[in-house]
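Structure data (compact mmCIF, C-alpha atoms) from upload_36.txt:
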# COMPACT_ATOMS: atom_id res chain seq x y z
CA MET A 1 3.69 -128.54 25.79
CA ASP A 2 0.95 -129.34 28.30
CA GLY A 3 0.85 -126.47 30.79
CA GLU A 4 -0.42 -128.69 33.60
CA THR A 5 1.69 -131.83 33.23
CA ARG A 6 4.67 -129.95 31.72
CA LEU A 7 5.08 -132.79 29.20
CA PRO A 8 5.59 -132.44 25.43
CA LEU A 9 2.60 -133.07 23.20
CA THR A 10 4.11 -132.98 19.74
CA LEU A 11 6.75 -131.35 17.54
CA TRP A 12 5.56 -129.06 14.78
CA GLU A 13 7.19 -128.73 11.40
CA GLY A 14 7.31 -125.02 10.74
CA ARG A 15 6.35 -122.00 12.79
CA ASP A 16 3.64 -120.38 10.70
CA ALA A 17 0.09 -119.51 11.72
CA GLU A 18 -1.50 -122.24 9.59
CA THR A 19 0.38 -125.04 11.35
CA LEU A 20 -0.69 -123.76 14.75
CA SER A 21 -4.32 -123.14 13.81
CA ASP A 22 -4.66 -126.58 12.17
CA TRP A 23 -3.31 -128.34 15.27
CA LEU A 24 -5.65 -126.39 17.57
CA ARG A 25 -8.65 -127.33 15.42
CA GLU A 26 -7.63 -130.99 15.63
CA HIS A 27 -7.38 -130.73 19.43
CA PRO A 28 -10.41 -128.76 20.63
CA GLY A 29 -10.83 -127.79 24.26
CA VAL A 30 -7.67 -125.75 24.71
CA GLU A 31 -8.45 -122.98 27.21
CA VAL A 32 -5.12 -121.18 27.71
CA VAL A 33 -2.27 -120.72 25.22
CA CYS A 34 1.03 -119.20 26.31
CA ARG A 35 3.12 -117.69 23.52
CA ASP A 36 5.62 -114.97 22.66
CA GLY A 37 4.73 -111.76 20.84
CA SER A 38 4.86 -113.21 17.32
CA PRO A 39 1.96 -111.93 15.18
CA ALA A 40 1.86 -115.31 13.40
CA TYR A 41 1.18 -117.16 16.65
CA ARG A 42 -1.43 -114.59 17.63
CA GLN A 43 -3.25 -115.09 14.34
CA GLY A 44 -2.95 -118.88 14.48
CA ILE A 45 -4.41 -119.07 17.99
CA THR A 46 -7.24 -116.70 17.10
CA ALA A 47 -8.12 -118.82 14.06
CA GLY A 48 -7.72 -122.24 15.69
CA ALA A 49 -8.99 -121.59 19.23
CA PRO A 50 -10.88 -118.28 19.31
CA GLU A 51 -12.25 -118.94 22.81
CA ALA A 52 -8.82 -119.62 24.35
CA SER A 53 -7.11 -117.03 26.53
CA GLN A 54 -3.79 -115.95 25.08
CA VAL A 55 -0.94 -115.36 27.56
CA SER A 56 2.10 -113.36 26.50
CA ASP A 57 5.14 -115.04 28.05
CA ARG A 58 6.81 -113.02 30.81
CA PHE A 59 10.33 -113.85 29.66
CA HIS A 60 9.66 -112.54 26.17
CA LEU A 61 8.02 -109.42 27.57
CA TRP A 62 11.09 -108.74 29.68
CA GLN A 63 13.40 -109.56 26.77
CA GLY A 64 11.59 -107.13 24.49
CA LEU A 65 11.84 -104.37 27.09
CA SER A 66 15.57 -105.06 27.61
CA LYS A 67 16.22 -104.74 23.88
CA ARG A 68 14.55 -101.32 23.85
CA VAL A 69 16.68 -100.27 26.83
CA GLN A 70 19.78 -101.27 24.90
CA GLU A 71 18.61 -99.17 21.96
CA ILE A 72 18.17 -96.17 24.25
CA ALA A 73 21.63 -96.67 25.75
CA GLY A 74 23.08 -96.86 22.24
CA ALA A 75 21.30 -93.65 21.24
CA HIS A 76 22.83 -91.92 24.30
CA ARG A 77 26.27 -93.43 23.88
CA GLY A 78 27.82 -90.06 24.66
CA CYS A 79 26.60 -90.36 28.25
CA LEU A 80 28.15 -93.78 28.88
CA PRO A 81 31.66 -92.52 29.80
CA ALA A 82 30.05 -90.92 32.87
CA ALA A 83 29.80 -94.41 34.37
CA THR A 84 33.59 -94.77 34.34
CA LEU A 85 35.74 -93.04 36.91
CA GLU A 86 38.53 -90.99 35.35
CA PRO A 87 42.00 -91.88 36.67
CA GLU A 88 43.60 -89.31 38.93
CA PRO A 89 46.36 -87.13 37.46
CA ALA A 90 49.82 -88.64 37.58
CA ALA A 91 51.02 -85.93 39.98
CA LYS A 92 48.52 -87.10 42.58
CA GLN A 93 49.61 -90.72 42.23
CA LEU A 94 53.24 -90.19 43.23
CA THR A 95 53.02 -91.76 46.66
CA SER A 96 55.25 -93.97 48.72
CA ALA A 97 53.14 -96.95 47.68
CA ASP A 98 53.83 -96.23 44.02
CA GLY A 99 57.50 -95.97 44.80
CA ALA A 100 57.35 -99.41 46.37
CA ALA A 101 55.59 -100.78 43.30
CA GLU A 102 58.23 -99.28 41.02
CA ALA A 103 60.97 -100.79 43.17
CA ARG A 104 59.31 -104.19 42.83
CA TYR A 105 59.33 -104.00 39.04
CA THR A 106 63.00 -102.88 38.89
CA ALA A 107 64.30 -105.10 41.70
CA ASP A 108 67.43 -107.21 41.21
CA THR A 109 65.84 -110.61 40.65
CA PRO A 110 67.48 -113.86 39.40
CA ALA A 111 65.63 -113.56 36.10
CA ARG A 112 66.95 -110.04 35.52
CA ARG A 113 70.50 -111.06 36.45
CA HIS A 114 70.24 -113.99 34.02
CA ALA A 115 69.06 -111.67 31.23
CA LYS A 116 71.97 -109.33 31.93
CA ARG A 117 74.51 -112.18 31.71
CA LEU A 118 73.04 -113.42 28.41
CA PHE A 119 73.12 -109.90 26.98
CA GLU A 120 76.79 -109.41 27.89
CA ALA A 121 77.76 -112.80 26.46
CA ALA A 122 75.91 -112.24 23.20
CA GLN A 123 77.28 -108.73 22.79
CA ALA A 124 80.83 -110.00 23.37
CA VAL A 125 80.69 -112.26 20.31
CA ALA A 126 78.35 -110.11 18.21
CA ASP A 127 81.17 -107.87 16.90
CA THR A 128 83.15 -110.78 15.44
CA GLY A 129 81.09 -110.88 12.25
CA ARG A 130 80.20 -114.53 12.66
CA SER A 131 76.82 -116.04 11.95
CA TYR A 132 74.21 -116.43 14.67
CA SER A 133 74.41 -120.21 14.32
CA SER A 134 78.14 -120.16 14.98
CA MET A 135 77.74 -117.87 17.98
CA ALA A 136 74.95 -120.07 19.31
CA ARG A 137 77.16 -123.18 19.13
CA GLU A 138 79.94 -121.40 20.99
CA LEU A 139 77.67 -120.09 23.74
CA GLY A 140 75.56 -123.23 23.97
CA LEU A 141 72.35 -121.26 23.38
CA ASN A 142 69.49 -121.39 20.93
CA ARG A 143 70.05 -119.42 17.72
CA ARG A 144 66.92 -117.34 18.36
CA THR A 145 68.13 -116.45 21.86
CA VAL A 146 71.45 -115.23 20.50
CA HIS A 147 69.69 -113.25 17.79
CA LYS A 148 67.44 -111.64 20.42
CA TYR A 149 70.22 -110.57 22.79
CA ALA A 150 72.77 -109.64 20.15
CA GLY A 151 70.34 -107.32 18.41
CA ALA A 152 69.14 -105.55 21.56
CA SER A 153 70.48 -102.18 22.64
CA SER A 154 70.17 -102.99 26.36
CA TRP A 155 69.48 -106.04 28.46
CA GLN A 156 66.26 -104.46 29.79
CA GLU A 157 64.71 -104.87 26.34
CA CYS A 158 65.12 -108.64 26.64
CA VAL A 159 63.35 -108.97 29.97
CA ARG A 160 59.90 -110.49 29.63
CA ARG A 161 57.36 -107.73 29.26
CA ARG A 162 54.82 -107.31 31.99
CA TYR A 163 51.38 -106.93 30.42
CA PRO A 164 48.53 -105.17 32.25
CA ARG A 165 46.48 -107.44 34.44
CA ARG A 166 43.01 -108.32 33.19
CA PRO A 167 40.04 -106.99 35.17
CA THR A 168 38.52 -109.38 37.71
CA PRO A 169 35.29 -109.31 39.75
CA LEU A 170 37.41 -108.45 42.80
CA ASP A 171 38.68 -105.15 41.36
CA PRO A 172 35.79 -102.97 42.67
CA TYR A 173 36.58 -104.14 46.21
CA LEU A 174 40.35 -103.58 46.19
CA GLY A 175 39.97 -100.10 47.65
CA TYR A 176 37.86 -101.44 50.50
CA LEU A 177 40.35 -104.23 51.15
CA ARG A 178 43.20 -101.70 51.31
CA GLN A 179 41.22 -99.49 53.68
CA ARG A 180 40.37 -102.36 56.03
CA TRP A 181 43.99 -103.56 55.93
CA GLU A 182 45.23 -100.13 56.97
CA GLU A 183 42.65 -100.15 59.77
CA GLY A 184 44.27 -103.30 61.13
CA GLU A 185 42.07 -106.13 59.78
CA HIS A 186 44.52 -108.69 58.32
CA ASN A 187 42.32 -111.81 58.43
CA GLY A 188 41.52 -112.87 54.87
CA VAL A 189 38.45 -114.87 55.88
CA VAL A 190 36.94 -111.89 57.66
CA LEU A 191 37.69 -109.56 54.74
CA HIS A 192 36.14 -112.06 52.32
CA GLN A 193 32.97 -112.21 54.41
CA GLU A 194 32.77 -108.42 54.51
CA ILE A 195 32.97 -107.94 50.75
CA VAL A 196 30.54 -110.82 50.19
CA ALA A 197 28.05 -108.80 52.24
CA LYS A 198 28.72 -105.91 49.82
CA GLY A 199 27.95 -108.01 46.73
CA TYR A 200 31.15 -109.91 45.91
CA ARG A 201 30.40 -113.37 44.47
CA GLY A 202 33.91 -114.74 44.12
CA HIS A 203 35.84 -117.33 46.10
CA TYR A 204 37.94 -116.70 49.20
CA GLN A 205 41.05 -117.86 47.32
CA GLN A 206 40.91 -114.78 45.09
CA VAL A 207 40.89 -112.53 48.15
CA LYS A 208 43.79 -114.46 49.66
CA LEU A 209 45.89 -114.00 46.51
CA ALA A 210 45.00 -110.31 46.31
CA LEU A 211 46.18 -109.72 49.89
CA GLN A 212 49.66 -111.17 49.29
CA PRO A 213 51.20 -107.84 48.18
CA LEU A 214 49.89 -106.19 51.34
CA ARG A 215 51.54 -108.88 53.46
CA ARG A 216 54.85 -107.98 51.79
CA ASP A 217 54.30 -104.23 52.36
CA LEU A 218 53.53 -103.70 48.67
CA PRO A 219 50.47 -101.90 47.23
CA LEU A 220 47.50 -103.60 45.63
CA GLU A 221 47.58 -103.41 41.87
CA GLU A 222 44.78 -101.19 40.60
CA THR A 223 43.03 -101.59 37.23
CA HIS A 224 41.21 -98.95 35.26
CA GLU A 225 37.51 -99.43 34.56
CA ARG A 226 36.92 -100.35 30.95
CA PRO A 227 34.46 -98.33 28.84
CA THR A 228 30.79 -99.08 29.33
CA THR A 229 28.74 -100.56 26.47
CA PRO A 230 24.99 -100.20 25.77
CA ARG A 231 24.53 -103.92 26.35
CA GLU A 232 26.07 -103.62 29.82
CA VAL A 233 23.81 -100.69 30.68
CA ALA A 234 20.74 -102.68 29.65
CA ARG A 235 21.88 -105.57 31.85
CA TRP A 236 22.56 -103.26 34.81
CA ILE A 237 19.10 -101.72 34.57
CA ALA A 238 17.46 -105.15 34.28
CA ILE A 239 19.12 -106.43 37.47
CA ALA A 240 17.11 -105.89 40.65
CA PRO A 241 18.73 -103.15 42.80
CA ASP A 242 19.25 -105.47 45.76
CA GLN A 243 21.07 -107.99 43.54
CA ARG A 244 23.50 -105.61 41.84
CA PRO A 245 27.19 -105.94 42.74
CA LEU A 246 28.78 -102.96 44.44
CA ASP A 247 30.66 -101.74 41.37
CA VAL A 248 27.55 -102.02 39.16
CA SER A 249 25.50 -99.98 41.62
CA GLN A 250 28.14 -97.26 41.76
CA ARG A 251 28.66 -97.06 38.00
CA LEU A 252 24.93 -97.12 37.25
CA SER A 253 24.31 -94.40 39.85
CA ARG A 254 26.90 -92.14 38.21
CA LEU A 255 25.41 -92.80 34.78
CA LEU A 256 21.79 -92.17 35.80
CA SER A 257 22.70 -88.92 37.56
CA HIS A 258 24.34 -87.75 34.33
CA CYS A 259 21.72 -88.90 31.79
CA PRO A 260 18.04 -88.04 32.52
CA GLU A 261 16.81 -90.21 29.63
CA LEU A 262 18.41 -93.34 31.04
CA ARG A 263 17.20 -92.39 34.52
CA ARG A 264 13.64 -92.21 33.24
CA THR A 265 14.12 -95.53 31.43
CA HIS A 266 15.40 -97.10 34.63
CA GLU A 267 12.32 -95.96 36.55
CA LEU A 268 9.96 -97.41 33.94
CA VAL A 269 11.81 -100.73 33.88
CA ARG A 270 11.65 -101.03 37.65
CA ASP A 271 7.91 -100.24 37.57
CA PHE A 272 7.33 -103.09 35.13
CA ALA A 273 9.54 -105.42 37.18
CA HIS A 274 7.37 -104.66 40.21
CA MET A 275 4.22 -105.56 38.28
CA LEU A 276 5.76 -108.87 37.23
CA GLY A 277 6.94 -109.57 40.76
CA VAL A 278 3.55 -109.08 42.42
CA ARG A 279 1.57 -110.28 39.35
CA ASP A 280 -0.63 -107.23 39.42
CA ALA A 281 -1.48 -105.57 36.09
CA THR A 282 -3.73 -102.87 37.53
CA LEU A 283 -1.24 -100.14 36.60
CA LEU A 284 -0.44 -101.59 33.16
CA PRO A 285 -2.51 -99.01 31.16
CA ILE A 286 -0.92 -96.14 33.11
CA TRP A 287 2.53 -97.65 32.58
CA LEU A 288 1.92 -97.86 28.83
CA ASP A 289 0.92 -94.19 28.85
CA HIS A 290 4.20 -93.37 30.58
CA LEU A 291 6.09 -95.28 27.89
CA THR A 292 4.34 -93.27 25.19
CA ASN A 293 4.96 -89.92 26.90
CA ALA A 294 8.56 -90.58 27.97
CA GLY A 295 9.91 -88.81 24.91
CA LEU A 296 11.93 -91.86 23.85
CA PRO A 297 11.06 -93.36 20.44
CA ALA A 298 12.15 -96.87 21.42
CA LEU A 299 9.77 -96.96 24.40
CA ALA A 300 6.96 -95.34 22.41
CA GLY A 301 7.30 -98.07 19.77
CA LEU A 302 7.21 -100.75 22.47
CA ALA A 303 4.08 -99.20 23.97
CA LYS A 304 2.37 -99.31 20.57
CA THR A 305 3.29 -102.99 20.13
CA LEU A 306 2.05 -103.92 23.60
CA ARG A 307 -1.24 -102.04 23.14
CA GLU A 308 -1.99 -104.13 20.07
CA ASP A 309 -1.65 -107.21 22.25
CA GLU A 310 -2.74 -105.71 25.57
CA ALA A 311 -5.07 -108.53 26.64
CA ALA A 312 -2.35 -111.16 26.26
CA VAL A 313 0.17 -108.88 28.01
CA LEU A 314 -2.22 -108.42 30.93
CA HIS A 315 -2.64 -112.20 31.20
CA GLY A 316 1.13 -112.60 30.95
CA VAL A 317 1.65 -110.38 33.98
CA THR A 318 -1.04 -112.01 36.12
CA SER A 319 -1.18 -115.64 34.92
CA ARG A 320 0.70 -118.49 36.57
CA TYR A 321 1.49 -120.02 33.17
CA SER A 322 4.59 -119.29 31.10
CA SER A 323 6.61 -120.74 28.23
CA GLY A 324 9.57 -121.56 30.45
CA MET A 325 8.78 -125.27 30.32
CA ASN A 326 9.45 -125.25 26.57
CA GLU A 327 13.12 -124.32 26.90
CA GLY A 328 14.14 -127.60 28.53
CA ARG A 329 12.34 -129.64 25.91
CA ILE A 330 13.94 -127.59 23.14
CA THR A 331 17.29 -128.51 24.66
CA ASP A 332 16.25 -132.18 24.52
CA VAL A 333 15.43 -131.89 20.82
CA LYS A 334 18.76 -130.20 20.08
CA LEU A 335 20.59 -132.93 22.00
CA GLN A 336 18.80 -135.65 20.05
CA LYS A 337 19.68 -133.96 16.78
CA ARG A 338 23.37 -133.73 17.77
CA ILE A 339 23.43 -137.38 18.88
CA MET A 340 22.27 -138.36 15.41
CA GLY A 341 24.87 -136.21 13.69
CA GLY A 342 22.40 -133.53 12.67
CA GLN A 343 20.75 -135.91 10.20
CA ALA A 344 17.48 -136.47 12.08
CA GLY A 345 14.39 -135.21 10.32
CA ILE A 346 11.17 -133.90 11.83
CA PRO A 347 9.35 -137.30 11.86
CA LEU A 348 12.14 -138.99 13.84
CA LEU A 349 12.52 -136.06 16.24
CA ARG A 350 8.77 -136.01 16.76
CA GLN A 351 8.89 -139.70 17.64
CA ARG A 352 11.68 -139.05 20.15
CA VAL A 353 9.67 -136.23 21.74
CA VAL A 354 6.70 -138.55 22.17
CA GLN A 355 8.98 -141.21 23.69
CA ILE A 356 10.35 -138.71 26.21
CA ALA A 357 6.80 -137.73 27.17
CA HIS A 358 5.89 -141.41 27.62
CA LEU A 359 8.90 -142.02 29.88
CA ARG A 360 8.14 -138.95 31.96
CA ARG A 361 4.55 -140.08 32.43
CA ARG A 362 5.74 -143.54 33.45
CA TYR A 363 8.44 -142.25 35.78
CA PRO A 364 7.19 -138.87 37.04
CA GLU A 365 9.36 -136.49 39.07
CA PRO A 366 8.94 -136.88 42.85
CA ASN A 367 8.42 -133.14 43.35
CA PRO A 368 7.37 -131.56 40.04
CA PRO A 369 7.63 -127.75 39.84
CA THR A 370 4.54 -125.61 39.77
CA PRO A 371 3.44 -124.21 36.39
CA GLY A 372 4.28 -120.65 37.48
Translate this structure into structure tokens?
Amino acid sequence: MDGETRLPLTLWEGRDAETLSDWLREHPGVEVVCRDGSPAYRQGITAGAPEASQVSDRFHLWQGLSKRVQEIAGAHRGCLPAATLEPEPAAKQLTSADGAAEARYTADTPARRHAKRLFEAAQAVADTGRSYSSMARELGLNRRTVHKYAGASSWQECVRRRYPRRPTPLDPYLGYLRQRWEEGEHNGVVLHQEIVAKGYRGHYQQVKLALQPLRRDLPLEETHERPTTPREVARWIAIAPDQRPLDVSQRLSRLLSHCPELRRTHELVRDFAHMLGVRDATLLPIWLDHLTNAGLPALAGLAKTLREDEAAVLHGVTSRYSSGMNEGRITDVKLQKRIMGGQAGIPLLRQRVVQIAHLRRRYPEPNPPTPG
């Protein structure tokens, strides 16, 4: 890719150092090369364009750090339950609201009355010793229905089971909605706006549906937090604090207060995020020392890897160039390969890449994005 025009140049066959170095020798004058942390690319650029500045891509730097955070979270898996609130004892949950919920599940509904009638009819003919098919013809029911009700010990067994509700993004805000409802705020639009200010990203319709039990004087249905995984912890730490949803902030705060290793990891990740945000690598050597001395093998190994490529990492933090432009073109190549049933070889795909570049030069974007 051309870092200035953001247009594809060619499609290589292979990803080894020789292919890269040969292409750079055939195209002298390259001043800046943006790449990931692959040693093969590093060697190929050094051999083919020794005067070029190598830039370690910011996305791959952040991805490598996130993988090490996930390793640390996996090594401290015993601390992860601290992020989940334990349910209160059953004795403390016996409230009038729970009584109302129980009454709702055992209420005399048409479906339950229908199940009771079917049970009584099936039991009345079950003692005759006849086949299920014969009983089904007499009752005008399906054979499986007769078999179900005739073999049950009570009609309650035949009522459709009520499975636990799946967690939703609205669950962390149910307590707040209940509190505001009890305070007298019954406008769903207003309540939706309030939880959006607290980090909720869902639609108003979800809030409207959640408030229906409260409008019928019934409690909101609570769900238990599911166990936390190392991958979730790595994602929580990677998210900027001001962009974390309310439940993520609360769970991460509980986890970090319980696990000093993850708290230290979180601080180091936020320090690196600040350097990327302001594009200032002045504190990069000090930050690498902190990685080495953090007492965490995963971070120490990352610090060693980054020191071996420190010049490119420094350029990656401060440079306006990145490899982000490649991802869209890679998607184009994959699309072309799917269109041709996966049978397209490298020469044909290379020709298509060149054609796309020609069309983009002929019909440029009205407002092309900046390289950074």
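Between CA of Thr305 in chain A and CA of Gly78 in chain A the interatomic distance comes to 28.1 Å.
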- Using all atoms listed in the file, which residue out of A:Ala126, A:Ala344, A:Leu177, A:Ala234 lies closest to Leu214 in chain A? A:Leu177
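Checking A:Gly140, A:Gly3, A:Pro230, A:Pro39 one by one against Arg15 in chain A, counting only C-alpha atoms, you find the shortest gap at A:Pro39.
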- From A:Pro8, A:Thr109, A:Arg360, A:Ala121, residue lying nearest Ala136 in chain A [only C-alpha atoms]: A:Ala121
With all atoms listed in the file counted and 10 Å as the cut-off, give the residues of range 171-197 of chain A in contact with range 245-260 of chain A, each with its shortest interatomic distance in Å and the pair that gives it, as CSV.
residue,atom,partner,partner_atom,distance
A:Asp171,CA,A:Asp247,CA,8.7
A:Pro172,CA,A:Asp247,CA,5.4
A:Tyr173,CA,A:Asp247,CA,8.0
A:Ile195,CA,A:Leu246,CA,9.1
A:Val196,CA,A:Pro245,CA,9.5
A:Ala197,CA,A:Leu246,CA,9.8
- Query: Closest to Arg350 in chain A among A:Ala238, A:Leu9, A:Cys158, A:Cys34, using only C-alpha atoms?
  - Reply: A:Leu9
- Restricting the calculation to all atoms listed in the file, which member of A:Asp22, A:Glu232, A:Glu71, A:Asp16 is positioned closest to Ala47 in chain A? A:Asp22
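Separating CA of Thr292 in chain A from CA of His266 in chain A is a distance of 15.0 Å.
Closest approach to Glu120 in chain A among A:Leu141, A:Ala150, A:Val353, A:Leu348 is made by A:Ala150 (distances from all atoms listed in the file).
CA of Trp62 in chain A is found 18.3 Å from CA of Arg42 in chain A.
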- Would you list the contacts of Gln70 in chain A as a PyMOL selection string, taking every protein, DNA or RNA residue within 9 Å and counting only C-alpha atoms, but skipping same-chain residues closer than 4 positions in sequence? chain A and resi 65-66+74-75+230-235
